[in-house]
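Just query.pdb here, PDB, C-alpha atoms and all ligand atoms:
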```pdb
ATOM      1  CA  MET A 191      -1.951 -29.400 -92.440  1.00  0.00           C
ATOM      2  CA  TYR A 192      -2.991 -29.611 -88.793  1.00  0.00           C
ATOM      3  CA  SER A 193      -1.020 -31.976 -86.561  1.00  0.00           C
ATOM      4  CA  TRP A 194      -0.835 -32.469 -82.812  1.00  0.00           C
ATOM      5  CA  SER A 195       1.997 -33.844 -80.713  1.00  0.00           C
ATOM      6  CA  MET A 196       2.930 -33.778 -77.027  1.00  0.00           C
ATOM      7  CA  SER A 197       5.538 -31.187 -77.877  1.00  0.00           C
ATOM      8  CA  SER A 198       2.762 -28.802 -79.004  1.00  0.00           C
ATOM      9  CA  ALA A 199       2.488 -28.193 -75.227  1.00  0.00           C
ATOM     10  CA  LEU A 200      -0.915 -26.577 -74.990  1.00  0.00           C
ATOM     11  CA  ASN A 201      -1.084 -24.105 -72.148  1.00  0.00           C
ATOM     12  CA  PHE A 202      -3.333 -25.480 -69.376  1.00  0.00           C
ATOM     13  CA  SER A 203      -4.870 -22.153 -68.430  1.00  0.00           C
ATOM     14  CA  ASP A 204      -5.564 -21.298 -72.104  1.00  0.00           C
ATOM     15  CA  VAL A 205      -7.440 -24.603 -72.378  1.00  0.00           C
ATOM     16  CA  GLN A 206      -9.490 -23.865 -69.242  1.00  0.00           C
ATOM     17  CA  SER A 207     -10.332 -20.324 -70.416  1.00  0.00           C
ATOM     18  CA  TYR A 208     -11.324 -21.574 -73.853  1.00  0.00           C
ATOM     19  CA  MET A 209     -13.654 -24.221 -72.415  1.00  0.00           C
ATOM     20  CA  LEU A 210     -15.231 -21.587 -70.160  1.00  0.00           C
ATOM     21  CA  GLU A 211     -15.802 -19.217 -73.091  1.00  0.00           C
ATOM     22  CA  GLN A 212     -17.621 -21.959 -75.009  1.00  0.00           C
ATOM     23  CA  LEU A 213     -20.272 -22.533 -72.316  1.00  0.00           C
ATOM     24  CA  PRO A 214     -23.845 -21.442 -72.903  1.00  0.00           C
ATOM     25  CA  GLU A 215     -25.200 -18.683 -70.656  1.00  0.00           C
ATOM     26  CA  ARG A 216     -26.187 -19.713 -67.163  1.00  0.00           C
ATOM     27  CA  PRO A 217     -29.072 -18.519 -64.957  1.00  0.00           C
ATOM     28  CA  ASP A 218     -28.204 -15.346 -63.003  1.00  0.00           C
ATOM     29  CA  GLU A 219     -28.423 -17.255 -59.725  1.00  0.00           C
ATOM     30  CA  LEU A 220     -25.664 -19.672 -60.838  1.00  0.00           C
ATOM     31  CA  SER A 221     -23.484 -16.764 -61.986  1.00  0.00           C
ATOM     32  CA  ALA A 222     -24.036 -15.095 -58.602  1.00  0.00           C
ATOM     33  CA  MET A 223     -22.920 -18.298 -56.857  1.00  0.00           C
ATOM     34  CA  GLU A 224     -19.771 -18.315 -59.020  1.00  0.00           C
ATOM     35  CA  GLN A 225     -19.124 -14.688 -58.085  1.00  0.00           C
ATOM     36  CA  GLN A 226     -19.530 -15.594 -54.397  1.00  0.00           C
ATOM     37  CA  ALA A 227     -16.901 -18.358 -54.818  1.00  0.00           C
ATOM     38  CA  ARG A 228     -14.465 -15.904 -56.417  1.00  0.00           C
ATOM     39  CA  GLU A 229     -14.973 -13.400 -53.597  1.00  0.00           C
ATOM     40  CA  THR A 230     -14.660 -15.885 -50.734  1.00  0.00           C
ATOM     41  CA  GLY A 231     -12.247 -18.420 -52.252  1.00  0.00           C
ATOM     42  CA  PHE A 232     -14.791 -21.212 -51.677  1.00  0.00           C
ATOM     43  CA  PRO A 233     -13.825 -24.241 -53.829  1.00  0.00           C
ATOM     44  CA  ILE A 234     -16.837 -24.880 -56.063  1.00  0.00           C
ATOM     45  CA  ILE A 235     -16.390 -27.162 -59.073  1.00  0.00           C
ATOM     46  CA  GLY A 236     -16.920 -24.227 -61.450  1.00  0.00           C
ATOM     47  CA  PRO A 237     -19.061 -23.942 -64.588  1.00  0.00           C
ATOM     48  CA  VAL A 238     -17.102 -26.195 -66.982  1.00  0.00           C
ATOM     49  CA  ALA A 239     -17.097 -29.143 -64.563  1.00  0.00           C
ATOM     50  CA  GLY A 240     -20.686 -28.277 -63.579  1.00  0.00           C
ATOM     51  CA  ASN A 241     -21.788 -28.444 -67.189  1.00  0.00           C
ATOM     52  CA  MET A 242     -20.017 -31.807 -67.618  1.00  0.00           C
ATOM     53  CA  CYS A 243     -21.816 -33.152 -64.515  1.00  0.00           C
ATOM     54  CA  TYR A 244     -25.115 -31.896 -65.926  1.00  0.00           C
ATOM     55  CA  GLN A 245     -24.384 -33.496 -69.315  1.00  0.00           C
ATOM     56  CA  ILE A 246     -23.545 -36.889 -67.810  1.00  0.00           C
ATOM     57  CA  ALA A 247     -26.565 -36.857 -65.505  1.00  0.00           C
ATOM     58  CA  ARG A 248     -28.769 -36.076 -68.525  1.00  0.00           C
ATOM     59  CA  MET A 249     -27.087 -38.752 -70.669  1.00  0.00           C
ATOM     60  CA  ILE A 250     -27.762 -41.552 -68.189  1.00  0.00           C
ATOM     61  CA  GLY A 251     -31.249 -40.249 -67.336  1.00  0.00           C
ATOM     62  CA  ALA A 252     -30.263 -39.837 -63.663  1.00  0.00           C
ATOM     63  CA  ARG A 253     -33.195 -39.381 -61.284  1.00  0.00           C
ATOM     64  CA  LYS A 254     -31.498 -40.436 -58.038  1.00  0.00           C
ATOM     65  CA  VAL A 255     -28.299 -38.519 -57.334  1.00  0.00           C
ATOM     66  CA  PHE A 256     -26.226 -38.523 -54.145  1.00  0.00           C
ATOM     67  CA  GLU A 257     -23.762 -35.709 -53.652  1.00  0.00           C
ATOM     68  CA  MET A 258     -20.997 -35.962 -51.031  1.00  0.00           C
ATOM     69  CA  GLY A 259     -19.544 -32.628 -49.892  1.00  0.00           C
ATOM     70  CA  SER A 260     -22.076 -30.203 -51.318  1.00  0.00           C
ATOM     71  CA  GLY A 261     -21.032 -26.752 -50.051  1.00  0.00           C
ATOM     72  CA  TYR A 262     -23.604 -24.003 -50.678  1.00  0.00           C
ATOM     73  CA  GLY A 263     -25.270 -25.909 -53.492  1.00  0.00           C
ATOM     74  CA  TYR A 264     -23.415 -24.925 -56.667  1.00  0.00           C
ATOM     75  CA  SER A 265     -22.667 -28.452 -57.908  1.00  0.00           C
ATOM     76  CA  THR A 266     -26.072 -29.519 -56.562  1.00  0.00           C
ATOM     77  CA  ALA A 267     -27.739 -26.995 -58.874  1.00  0.00           C
ATOM     78  CA  TRP A 268     -26.259 -28.665 -61.981  1.00  0.00           C
ATOM     79  CA  PHE A 269     -27.413 -32.109 -60.856  1.00  0.00           C
ATOM     80  CA  ALA A 270     -30.852 -30.795 -59.865  1.00  0.00           C
ATOM     81  CA  ARG A 271     -31.250 -29.219 -63.309  1.00  0.00           C
ATOM     82  CA  ALA A 272     -30.501 -32.584 -64.949  1.00  0.00           C
ATOM     83  CA  VAL A 273     -32.841 -34.514 -62.646  1.00  0.00           C
ATOM     84  CA  HIS A 274     -35.601 -31.954 -63.274  1.00  0.00           C
ATOM     85  CA  GLU A 275     -35.155 -32.294 -67.063  1.00  0.00           C
ATOM     86  CA  ASN A 276     -35.010 -36.101 -66.740  1.00  0.00           C
ATOM     87  CA  GLY A 277     -38.549 -36.054 -65.339  1.00  0.00           C
ATOM     88  CA  GLY A 278     -37.936 -35.417 -61.628  1.00  0.00           C
ATOM     89  CA  GLY A 279     -36.371 -37.267 -58.737  1.00  0.00           C
ATOM     90  CA  THR A 280     -34.027 -36.542 -55.835  1.00  0.00           C
ATOM     91  CA  VAL A 281     -30.613 -35.005 -55.347  1.00  0.00           C
ATOM     92  CA  HIS A 282     -29.174 -35.531 -51.865  1.00  0.00           C
ATOM     93  CA  HIS A 283     -27.199 -32.512 -50.659  1.00  0.00           C
ATOM     94  CA  VAL A 284     -24.802 -33.495 -47.860  1.00  0.00           C
ATOM     95  CA  VAL A 285     -22.482 -31.211 -45.958  1.00  0.00           C
ATOM     96  CA  TRP A 286     -21.532 -31.182 -42.286  1.00  0.00           C
ATOM     97  CA  ASP A 287     -21.798 -27.407 -41.967  1.00  0.00           C
ATOM     98  CA  ALA A 288     -25.354 -26.146 -41.180  1.00  0.00           C
ATOM     99  CA  GLU A 289     -24.646 -22.624 -42.435  1.00  0.00           C
ATOM    100  CA  LEU A 290     -23.665 -23.922 -45.893  1.00  0.00           C
ATOM    101  CA  SER A 291     -26.714 -26.169 -45.967  1.00  0.00           C
ATOM    102  CA  ASN A 292     -28.978 -23.193 -45.175  1.00  0.00           C
ATOM    103  CA  LYS A 293     -27.350 -21.094 -47.894  1.00  0.00           C
ATOM    104  CA  ALA A 294     -27.868 -23.939 -50.364  1.00  0.00           C
ATOM    105  CA  ARG A 295     -31.583 -24.067 -49.534  1.00  0.00           C
ATOM    106  CA  VAL A 296     -31.934 -20.398 -50.464  1.00  0.00           C
ATOM    107  CA  HIS A 297     -30.033 -20.693 -53.768  1.00  0.00           C
ATOM    108  CA  LEU A 298     -31.739 -23.918 -54.855  1.00  0.00           C
ATOM    109  CA  ARG A 299     -35.204 -22.572 -54.002  1.00  0.00           C
ATOM    110  CA  ARG A 300     -34.507 -19.478 -56.122  1.00  0.00           C
ATOM    111  CA  LEU A 301     -33.425 -21.770 -58.980  1.00  0.00           C
ATOM    112  CA  GLY A 302     -36.735 -23.657 -58.696  1.00  0.00           C
ATOM    113  CA  TYR A 303     -35.341 -26.951 -57.341  1.00  0.00           C
ATOM    114  CA  ALA A 304     -36.848 -26.919 -53.824  1.00  0.00           C
ATOM    115  CA  GLU A 305     -38.853 -30.085 -54.519  1.00  0.00           C
ATOM    116  CA  ILE A 306     -35.877 -32.035 -55.858  1.00  0.00           C
ATOM    117  CA  VAL A 307     -33.178 -31.507 -53.241  1.00  0.00           C
ATOM    118  CA  GLN A 308     -33.035 -33.352 -49.890  1.00  0.00           C
ATOM    119  CA  TYR A 309     -30.717 -31.835 -47.298  1.00  0.00           C
ATOM    120  CA  HIS A 310     -28.515 -33.649 -44.768  1.00  0.00           C
ATOM    121  CA  VAL A 311     -26.288 -31.782 -42.311  1.00  0.00           C
ATOM    122  CA  ALA A 312     -24.011 -34.705 -41.583  1.00  0.00           C
ATOM    123  CA  GLU A 313     -20.862 -36.621 -42.445  1.00  0.00           C
ATOM    124  CA  ALA A 314     -21.189 -37.721 -46.070  1.00  0.00           C
ATOM    125  CA  VAL A 315     -19.791 -41.281 -46.038  1.00  0.00           C
ATOM    126  CA  LYS A 316     -21.966 -42.294 -43.068  1.00  0.00           C
ATOM    127  CA  THR A 317     -24.993 -40.617 -44.641  1.00  0.00           C
ATOM    128  CA  LEU A 318     -24.516 -42.464 -47.923  1.00  0.00           C
ATOM    129  CA  GLY A 319     -24.210 -45.728 -45.980  1.00  0.00           C
ATOM    130  CA  SER A 320     -27.511 -45.109 -44.217  1.00  0.00           C
ATOM    131  CA  THR A 321     -29.501 -43.791 -47.207  1.00  0.00           C
ATOM    132  CA  PRO A 322     -31.285 -46.437 -49.271  1.00  0.00           C
ATOM    133  CA  GLY A 323     -30.070 -46.631 -52.863  1.00  0.00           C
ATOM    134  CA  PRO A 324     -29.340 -47.606 -55.427  1.00  0.00           C
ATOM    135  CA  PHE A 325     -28.293 -44.291 -56.959  1.00  0.00           C
ATOM    136  CA  ASP A 326     -27.890 -43.508 -60.650  1.00  0.00           C
ATOM    137  CA  LEU A 327     -25.070 -41.082 -60.021  1.00  0.00           C
ATOM    138  CA  ILE A 328     -22.822 -40.307 -57.041  1.00  0.00           C
ATOM    139  CA  PHE A 329     -20.656 -37.211 -56.906  1.00  0.00           C
ATOM    140  CA  ASN A 330     -17.782 -37.076 -54.414  1.00  0.00           C
ATOM    141  CA  ASP A 331     -16.128 -33.819 -53.325  1.00  0.00           C
ATOM    142  CA  ILE A 332     -15.378 -34.491 -49.618  1.00  0.00           C
ATOM    143  CA  ASP A 333     -12.036 -34.379 -47.791  1.00  0.00           C
ATOM    144  CA  LYS A 334      -9.608 -36.152 -50.082  1.00  0.00           C
ATOM    145  CA  ALA A 335      -8.112 -38.388 -47.387  1.00  0.00           C
ATOM    146  CA  ALA A 336     -11.530 -40.038 -47.096  1.00  0.00           C
ATOM    147  CA  TYR A 337     -11.827 -40.932 -50.807  1.00  0.00           C
ATOM    148  CA  PRO A 338     -10.854 -44.631 -50.332  1.00  0.00           C
ATOM    149  CA  GLU A 339     -13.279 -45.107 -47.427  1.00  0.00           C
ATOM    150  CA  ALA A 340     -15.973 -43.389 -49.507  1.00  0.00           C
ATOM    151  CA  LEU A 341     -15.347 -45.676 -52.496  1.00  0.00           C
ATOM    152  CA  SER A 342     -16.167 -48.790 -50.467  1.00  0.00           C
ATOM    153  CA  VAL A 343     -19.589 -47.353 -49.573  1.00  0.00           C
ATOM    154  CA  ILE A 344     -20.155 -45.949 -53.075  1.00  0.00           C
ATOM    155  CA  GLU A 345     -19.652 -49.470 -54.450  1.00  0.00           C
ATOM    156  CA  GLN A 346     -22.585 -50.642 -52.306  1.00  0.00           C
ATOM    157  CA  ARG A 347     -24.879 -47.779 -53.319  1.00  0.00           C
ATOM    158  CA  LEU A 348     -24.295 -47.048 -57.027  1.00  0.00           C
ATOM    159  CA  ARG A 349     -26.333 -49.081 -59.472  1.00  0.00           C
ATOM    160  CA  PRO A 350     -24.606 -51.048 -62.245  1.00  0.00           C
ATOM    161  CA  GLY A 351     -24.609 -48.705 -65.252  1.00  0.00           C
ATOM    162  CA  GLY A 352     -24.390 -45.722 -62.909  1.00  0.00           C
ATOM    163  CA  MET A 353     -21.751 -42.993 -62.859  1.00  0.00           C
ATOM    164  CA  LEU A 354     -19.318 -41.910 -60.180  1.00  0.00           C
ATOM    165  CA  ILE A 355     -17.854 -38.414 -60.564  1.00  0.00           C
ATOM    166  CA  VAL A 356     -15.025 -37.298 -58.267  1.00  0.00           C
ATOM    167  CA  ASP A 357     -13.404 -33.870 -58.112  1.00  0.00           C
ATOM    168  CA  ASN A 358      -9.804 -32.796 -57.381  1.00  0.00           C
ATOM    169  CA  MET A 359      -7.963 -35.702 -58.965  1.00  0.00           C
ATOM    170  CA  PHE A 360      -4.917 -33.428 -59.531  1.00  0.00           C
ATOM    171  CA  LEU A 361      -4.942 -31.898 -56.037  1.00  0.00           C
ATOM    172  CA  GLY A 362      -3.706 -28.579 -57.332  1.00  0.00           C
ATOM    173  CA  GLY A 363      -0.669 -30.376 -58.811  1.00  0.00           C
ATOM    174  CA  GLY A 364       0.203 -32.320 -55.623  1.00  0.00           C
ATOM    175  CA  ILE A 365      -0.609 -35.568 -57.376  1.00  0.00           C
ATOM    176  CA  PHE A 366       2.351 -35.072 -59.742  1.00  0.00           C
ATOM    177  CA  GLU A 367       4.841 -34.785 -56.844  1.00  0.00           C
ATOM    178  CA  SER A 368       6.116 -38.289 -56.155  1.00  0.00           C
ATOM    179  CA  SER A 369       7.517 -37.116 -52.787  1.00  0.00           C
ATOM    180  CA  ASP A 370       4.083 -35.867 -51.622  1.00  0.00           C
ATOM    181  CA  ARG A 371       3.033 -38.215 -48.796  1.00  0.00           C
ATOM    182  CA  SER A 372       0.096 -36.177 -47.425  1.00  0.00           C
ATOM    183  CA  ALA A 373      -3.123 -37.947 -46.446  1.00  0.00           C
ATOM    184  CA  SER A 374      -5.014 -36.138 -49.236  1.00  0.00           C
ATOM    185  CA  THR A 375      -2.562 -37.260 -51.904  1.00  0.00           C
ATOM    186  CA  ALA A 376      -2.552 -40.813 -50.558  1.00  0.00           C
ATOM    187  CA  GLY A 377      -6.376 -40.770 -50.668  1.00  0.00           C
ATOM    188  CA  VAL A 378      -6.540 -39.636 -54.300  1.00  0.00           C
ATOM    189  CA  ARG A 379      -3.795 -42.098 -55.343  1.00  0.00           C
ATOM    190  CA  GLU A 380      -5.565 -45.036 -53.712  1.00  0.00           C
ATOM    191  CA  LEU A 381      -8.913 -44.118 -55.282  1.00  0.00           C
ATOM    192  CA  THR A 382      -7.308 -43.787 -58.722  1.00  0.00           C
ATOM    193  CA  SER A 383      -5.499 -47.110 -58.538  1.00  0.00           C
ATOM    194  CA  ARG A 384      -8.540 -48.975 -57.183  1.00  0.00           C
ATOM    195  CA  ILE A 385     -10.741 -47.679 -60.013  1.00  0.00           C
ATOM    196  CA  ASN A 386      -8.098 -48.500 -62.640  1.00  0.00           C
ATOM    197  CA  ALA A 387      -7.438 -51.984 -61.250  1.00  0.00           C
ATOM    198  CA  SER A 388     -11.070 -53.037 -61.001  1.00  0.00           C
ATOM    199  CA  GLN A 389     -13.017 -54.662 -63.811  1.00  0.00           C
ATOM    200  CA  ASP A 390     -16.175 -53.208 -62.263  1.00  0.00           C
ATOM    201  CA  TRP A 391     -15.168 -49.682 -63.303  1.00  0.00           C
ATOM    202  CA  ILE A 392     -14.331 -47.921 -66.568  1.00  0.00           C
ATOM    203  CA  GLY A 393     -12.718 -44.656 -65.553  1.00  0.00           C
ATOM    204  CA  SER A 394     -11.145 -41.590 -67.139  1.00  0.00           C
ATOM    205  CA  ILE A 395      -9.659 -38.484 -65.598  1.00  0.00           C
ATOM    206  CA  VAL A 396     -10.778 -35.427 -67.518  1.00  0.00           C
ATOM    207  CA  PRO A 397      -8.452 -32.411 -67.229  1.00  0.00           C
ATOM    208  CA  ILE A 398     -11.139 -29.888 -66.391  1.00  0.00           C
ATOM    209  CA  ARG A 399      -9.904 -27.495 -63.694  1.00  0.00           C
ATOM    210  CA  ASP A 400      -8.435 -29.690 -60.869  1.00  0.00           C
ATOM    211  CA  GLY A 401      -9.169 -33.009 -62.618  1.00  0.00           C
ATOM    212  CA  LEU A 402     -12.533 -34.744 -62.730  1.00  0.00           C
ATOM    213  CA  LEU A 403     -12.764 -38.535 -62.507  1.00  0.00           C
ATOM    214  CA  LEU A 404     -15.605 -39.993 -64.568  1.00  0.00           C
ATOM    215  CA  ALA A 405     -16.098 -43.628 -63.635  1.00  0.00           C
ATOM    216  CA  TYR A 406     -18.755 -45.852 -65.169  1.00  0.00           C
ATOM    217  CA  ARG A 407     -19.932 -48.788 -63.048  1.00  0.00           C
ATOM    218  CA  ALA A 408     -19.878 -51.524 -65.654  1.00  0.00           C
ATOM    219  CA  PRO A 409     -23.135 -53.532 -65.648  1.00  0.00           C
TER     220      PRO A 409
HETATM  221  C1  LIG A 501     -15.102 -28.682 -52.022  1.00  0.00           C
HETATM  222  S1  LIG A 501     -16.420 -28.174 -51.052  1.00  0.00           S
HETATM  223  C2  LIG A 501     -17.849 -28.533 -51.986  1.00  0.00           C
HETATM  224  C3  LIG A 501     -18.076 -27.759 -53.214  1.00  0.00           C
HETATM  225  C4  LIG A 501     -19.305 -28.209 -53.960  1.00  0.00           C
HETATM  226  N1  LIG A 501     -19.183 -29.592 -54.401  1.00  0.00           N
HETATM  227  C5  LIG A 501     -19.553 -27.325 -55.163  1.00  0.00           C
HETATM  228  O1  LIG A 501     -18.894 -27.528 -56.187  1.00  0.00           O
HETATM  229  O2  LIG A 501     -20.388 -26.438 -55.066  1.00  0.00           O
HETATM  230  C6  LIG A 501     -16.535 -29.499 -49.887  1.00  0.00           C
HETATM  231  C7  LIG A 501     -17.487 -29.216 -48.737  1.00  0.00           C
HETATM  232  O3  LIG A 501     -17.781 -30.451 -48.095  1.00  0.00           O
HETATM  233  C8  LIG A 501     -17.449 -30.388 -46.718  1.00  0.00           C
HETATM  234  N2  LIG A 501     -16.973 -31.736 -46.363  1.00  0.00           N
HETATM  235  C9  LIG A 501     -15.725 -32.255 -46.517  1.00  0.00           C
HETATM  236  N3  LIG A 501     -15.679 -33.532 -46.112  1.00  0.00           N
HETATM  237  C10 LIG A 501     -16.936 -33.840 -45.692  1.00  0.00           C
HETATM  238  C11 LIG A 501     -17.528 -35.014 -45.168  1.00  0.00           C
HETATM  239  N4  LIG A 501     -16.806 -36.136 -44.992  1.00  0.00           N
HETATM  240  N5  LIG A 501     -18.831 -34.990 -44.854  1.00  0.00           N
HETATM  241  C12 LIG A 501     -19.583 -33.866 -45.021  1.00  0.00           C
HETATM  242  N6  LIG A 501     -19.077 -32.704 -45.525  1.00  0.00           N
HETATM  243  C13 LIG A 501     -17.764 -32.695 -45.853  1.00  0.00           C
HETATM  244  C14 LIG A 501     -16.408 -29.302 -46.601  1.00  0.00           C
HETATM  245  O4  LIG A 501     -16.395 -28.756 -45.296  1.00  0.00           O
HETATM  246  C15 LIG A 501     -16.884 -28.306 -47.674  1.00  0.00           C
HETATM  247  O5  LIG A 501     -17.877 -27.462 -47.179  1.00  0.00           O
END
```
Show me, as structure tokens, the structure contained in the file I just sent.
Amino acid sequence: MYSWSMSSALNFSDVQSYMLEQLPERPDELSAMEQQARETGFPIIGPVAGNMCYQIARMIGARKVFEMGSGYGYSTAWFARAVHENGGGTVHHVVWDAELSNKARVHLRRLGYAEIVQYHVAEAVKTLGSTPGPFDLIFNDIDKAAYPEALSVIEQRLRPGGMLIVDNMFLGGGIFESSDRSASTAGVRELTSRINASQDWIGSIVPIRDGLLLAYRAP
């Protein structure tokens, strides 16, 4: 008979590979963006986390999405797909690097999402603060030291019943090192404890890749 215990010690990379194998096929453009990330070492969220973002955005019927720290548009593509299938709306793509923003425009146009995505070449926390909400879903993938500052603005912009998704909750393992006092680790720790301590949030960390926080803004 099947039984599970902590001592079964599943191998983390086996779990990640298995989840990847189970994904449905993706459009060629998305696969090309994944290939680009492998070649350049650019830290995209990857297909398993992307699919989870897409699933959540579809589940809550998200039509207004704000993405913080968008890179060349890989995570944006998953949100844009959901918004398109939810009947249309807007995904804000925000990155402070113009070259990445321009690359994203090309990829997202090829994917057919030109009408959905709005581009900002700017600092993400300030941009969220100056963009009228409320948003159905906010995704945060900026510099980790800025996660606490971002949360305060997110709380003003996310609608009750909306979802916050945050990447890199494990910080490549740094989060498990109690002696790690870096600004990034402090940022992730503060975000985690604020979400867990607040009755306004119902949060879970999902062990996909580098840890994805899924936090529901309780209505
Ligand atoms: C981890 S990458 C984004 C990957 C993207 N979410 C994806 O999965 O395709 C983060 C990007 O956001 C930029 N960034 C970091 N902090 C930022 C901030 N506060 N405002 C704007 N861009 C920021 C970084 O320079 C980098 O290009």
>> My list of candidates is A:Gly363, A:Gly251, A:Gly236, A:Pro409. Which is closest to ligand LIG 501 (chain A) when distances are computed with all atoms listed in the file?
In response: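 Counting all atoms listed in the file, the residue closest to ligand LIG 501 (chain A) is A:Gly236.
For the atom pair formed by CA of Val307 (chain A) and CA of Lys293 (chain A), the distance is 13.1 Å, given to one decimal.
Using all atoms listed in the file, the smallest distance between any of A:Leu220, A:Ile344, A:Ile395, A:Ala336 and Pro322 (chain A) comes from A:Ile344.
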>> Given all atoms listed in the file as the basis, pick out the residue of A:Arg384, A:His283, A:Arg347, A:Arg295 nearest to Leu318 (chain A).
In response: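 Checking each candidate against Leu318 (chain A), we get A:Arg347 as the closest.
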> Using the chain letters and numbers from the file, which residues does the PyMOL selection byres (((not hetatm)) within 6 of (chain A and resi 501)) grab, as a list in words?
Replying inline: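 Here the PyMOL selection byres (((not hetatm)) within 6 of (chain A and resi 501)) matches Pro233, Ile234, Ile235, Gly259, Ser260, Gly261, Tyr262, Gly263, Tyr264, Ser265, Val284, Val285, Trp286, Ala312, Glu313, Ala314, Asp331, Ile332 and Asp333 of chain A.
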Could you write out the selected residues, including C-alpha atoms, as a compact mmCIF listing (two decimals), in the frame of the given file?
```
# COMPACT_ATOMS: atom_id res chain seq x y z
CA PRO A 233 -13.82 -24.24 -53.83
CA ILE A 234 -16.84 -24.88 -56.06
CA ILE A 235 -16.39 -27.16 -59.07
CA GLY A 259 -19.54 -32.63 -49.89
CA SER A 260 -22.08 -30.20 -51.32
CA GLY A 261 -21.03 -26.75 -50.05
CA TYR A 262 -23.60 -24.00 -50.68
CA GLY A 263 -25.27 -25.91 -53.49
CA TYR A 264 -23.42 -24.92 -56.67
CA SER A 265 -22.67 -28.45 -57.91
CA VAL A 284 -24.80 -33.49 -47.86
CA VAL A 285 -22.48 -31.21 -45.96
CA TRP A 286 -21.53 -31.18 -42.29
CA ALA A 312 -24.01 -34.70 -41.58
CA GLU A 313 -20.86 -36.62 -42.44
CA ALA A 314 -21.19 -37.72 -46.07
CA ASP A 331 -16.13 -33.82 -53.32
CA ILE A 332 -15.38 -34.49 -49.62
CA ASP A 333 -12.04 -34.38 -47.79
```
Write out as AutoDock Vina command-line options an axis-aligned box for region 337-344 of chain A: all of its atoms listed in the file, 5 Å added on each side, centre and edge lengths in Å with one decimal.
```
--center_x -15.5 --center_y -44.9 --center_z -50.3 --size_x 19.3 --size_y 17.9 --size_z 15.6
```
>> Just to confirm, what's the straight-line distance from CA of Tyr406 (chain A) to CA of Leu200 (chain A) in Å (one decimal)?
In response: 28.0 Å
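The shortest atom-to-atom distance to Arg248 (chain A), with only C-alpha atoms taken into account, belongs to A:Asp326 out of A:Asp326, A:Glu289, A:Asp204, A:Glu339.
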